[in-house]
Amino acid sequence: MKKRAVISVFKKEGVLELASFLNESGWEILSTGGTAAYLTQNNIPVIDVSSVTNFPECLDGRVKTLHPAIHAGILARRDNAAHIAKLEELCVHPIDLVCVNLYPFFEKVQANLSFDDTVEFIDIGGPTMLRAAAKNHQDVLVLTDPADYADAIQEIKSGSVSIEFRRKLAGKVFNLTAAYDAAISRFMLGESGENEYPEHYVLSLKKQQALRYGENGHQSACLYTTADYKGAFGGMKQLQGKELSYNNIRDLDVAWKGVCAYSRFIKNAEPVSGVDTEGNAVVANFASAAGSVFTIALKHNTPCGAALGKNVLDSYKKTYNCDSTSIFGGIVGCSSVIDEEAALEMSKCFLEVIVAPGFTDEALKVFAAKKNLRLVVAEIPAEDTHSYLSVDGGFLIQSNDNKLFEKWDVVTKAKPAPSQINEMAFGMTIAMFAKSNAILVIKDQAAIGIGCGQTNRIWAAEQALERAQNVVKAGLTSSSDNATVLISDAFFPFDDTVRAAAKYGITAIVQPGGSIRDEDSIKACDELGIAMVFTGTRHFKH
């Protein structure tokens with residue numbers, strides 16, 4: 001009995017070579033629709049599936065291979081005499097190879113089609129044949145990846161396809177169908193409004209690149225991106241430099257999220273309403289910072305500097321001056337296209353990665369002298385709705401921190417000046433990405449002091465205040481008369497941070513509030529003439 005293969009592929013890459021080999025080796029080839037026409041046009045004889053099933057394709061092609069004459073031929077075990085006898089009784093020919101790839105649901109779910117049109121790209125017959133062949137892999141060779149066609153040809157030529165090869169291909173089938181079904185599940189649940197925390201949480205991920213190592217040299221690592229939608233990393237292009245490392249990618253993620261947070265919360269900001277100590281309604285409007293360029297510097301996954309400037313050069317120089325030591329070997333993200341003037345300044349410091357919406361040709365020529373410097377163009381805003389953290393045997397999943405302020409309550413006798421309000425909004429945007437406990441000192445729309453990752457808030461405050469004082473003493477801030485503002489990612493458990501801030505000339509503080517000792521901090525501010533605002537929104541980042 002001749003060996004028989006089913007070939008039904010959406011993507012035709014490599015299929016002619018495979019079909020030609022099978023035909024020349026005496027195999028019969030069953031096929032359907034477009035694949036059958038394609039093979040026939042290339043002089044490869046095929047048997048139409050309908051002539052085997054004695055049932056026509058119907059329902060606009062939804063039913064082609066869903067028939068016992070096909071699936072019995074795939075699922076029958078060759079070492080089971082009863083199975084073989086039943087095939088003979090039913091006049092079903094065994095199928096020895098299944099080559100199928102699927103309707104492009106991953107691509108079409110991102111194409112802004114209507115719900116009904118998207119549904120039509122959910123493949124049914126293809127996954128069914130693949131799963132059947134993978135289950136019976138000891139007898140049926142199953143191919144879904146064109147990259148495996150050449151190896152399959154060599155295995156068949158050898159006269160005995162190894163069980164190891166068969167199992168590898170079967171595993172790839174279930175890997176693909178799991179991701180495919182995960183994408184469909186996310187689509188369907190999203191349309192029903194029940195996608196946030198379903199009973200079984202599934203992600204559809206595709207391997208984008210193997211990494212040289214993980215956080216340390218002895219750890220292996222790989223980057224996967226979502227297959228059913230394009231997040232920020234799906235829209236990034238590396239223009240030059242060494243391959244991105246695991247640590248580079250983590251820092252790059254935070255740098256671009258920081259840039260996008262600026263656009264979301266400052267550039268496109270909406271006013272926030274609150275009250276003052278006299279019960280009067282107050283409104284904080286951050287729109288005056290909208291025309292600025294934002295730059296952030298990252299080191300070890302936390303900001304070491306950030307600033308707004310009138311152009312890229314101004315913004316970068318202010319960011320550099322926030323902490324000229326820590327930025328060495330760091331990552332820089334910018335909200336605007338990098339020009340030649342900024343590139344010349346950036347080239348003076350050793351940087352690992354620069355990410356921006358683009359680079360001028362002149363800037364690229366400047367950076368070309370630094371061959372290891374990675375330049376990354378990012379085109380898609382970081383807008384993922386949830387974040388994921390692995391724990392041993394599971395994942396923590398949470399909605400992203402996408403809310404800057406809940407309210408704007410002025411809780412002290414002193415009220416912040418308009419310039420201080422802009423400093424507060426800018427500073428809290430940076431605090432969202434600093435490891436808790438986090439305290440920031442902001443002056444002239446630059447984070448001149450960042451204290452973070454401390455086990456108590458007063459240590460973080462002392463760290464930030466001391467660093468800020470050093471920047472001021474070095475004359476690295478502008479000549480602006482703007483008063484200095486202190487930012488806290490969470491409430492003050494005691495009034496010690498307020499009193500420490502006063503010693504360093506802080507004139508305004510913004511924090512979430514919510515401590516049982518809030519009144520102690522308010523009283524200290526009133527005593528020291530400091531304005532303080534409660535926002536009602538904490539920004540812990542563990």
# chains A, B, ... in the order shown; residues from 1 in each chain; ligands from 1
>>> residues_around(residues="Leu169 in chain A", least_positions_apart="3", cutoff="7 Å", atoms="only C-alpha atoms", output="VMD selection string")
chain A and resid 142 to 143 165 to 166 172 to 173
>>> residues_around(residues="Asn400 in chain A", least_positions_apart="4", cutoff="10 Å", atoms="only C-alpha atoms", output="ChimeraX atom specification")
/A:383-388
>>> select_by_dssp(residues="range 35-281 of chain A", states="alpha helix (DSSP H)", output="MDAnalysis selection string")
chainID A and resid 35:41 49:53 68:75 81:90 105:108 115:119 125:135 149:158 163:192 246:262
>>> closest_residue(among="A:Asp117, A:Asp276, A:Asp339, A:Glu243", to="Trp408 in chain A", atoms="only C-alpha atoms")
A:Asp276
>>> residues_around(residues="Arg186 in chain A", least_positions_apart="3", cutoff="9 Å", atoms="only C-alpha atoms", output="NGL selection string")
:A and (181-183 or 189-191 or 195 or 201-204 or 228)
>>> closest_atom_pairs(of="range 225-312 of chain A", to="range 439-458 of chain A", cutoff="8 Å", atoms="only C-alpha atoms", output="JSON lines")
{"residue": "A:Pro303", "atom": "CA", "partner": "A:Ile450", "partner_atom": "CA", "distance": 7.8}
{"residue": "A:Cys304", "atom": "CA", "partner": "A:Ile450", "partner_atom": "CA", "distance": 6.7}
{"residue": "A:Gly305", "atom": "CA", "partner": "A:Ala447", "partner_atom": "CA", "distance": 5.7}
{"residue": "A:Ala306", "atom": "CA", "partner": "A:Ala447", "partner_atom": "CA", "distance": 5.4}
{"residue": "A:Ala307", "atom": "CA", "partner": "A:Ala446", "partner_atom": "CA", "distance": 4.1}
{"residue": "A:Leu308", "atom": "CA", "partner": "A:Gln445", "partner_atom": "CA", "distance": 5.6}
{"residue": "A:Gly309", "atom": "CA", "partner": "A:Gln445", "partner_atom": "CA", "distance": 8.0}
>>> residues_around(residues="range 134-137 of chain A", least_positions_apart="3", cutoff="12 Å", atoms="only C-alpha atoms", output="PyMOL selection string")
chain A and resi 71-79+94-100+127-131+140-144+161-177
>>> atom_distance(atom1="CA of Asp520 in chain A", atom2="CA of Asp495 in chain A")
5.7 Å
>>> closest_residue(among="A:Ala417, A:Val366, A:Val533, A:Ala500", to="Gly513 in chain A", atoms="only C-alpha atoms")
A:Val533
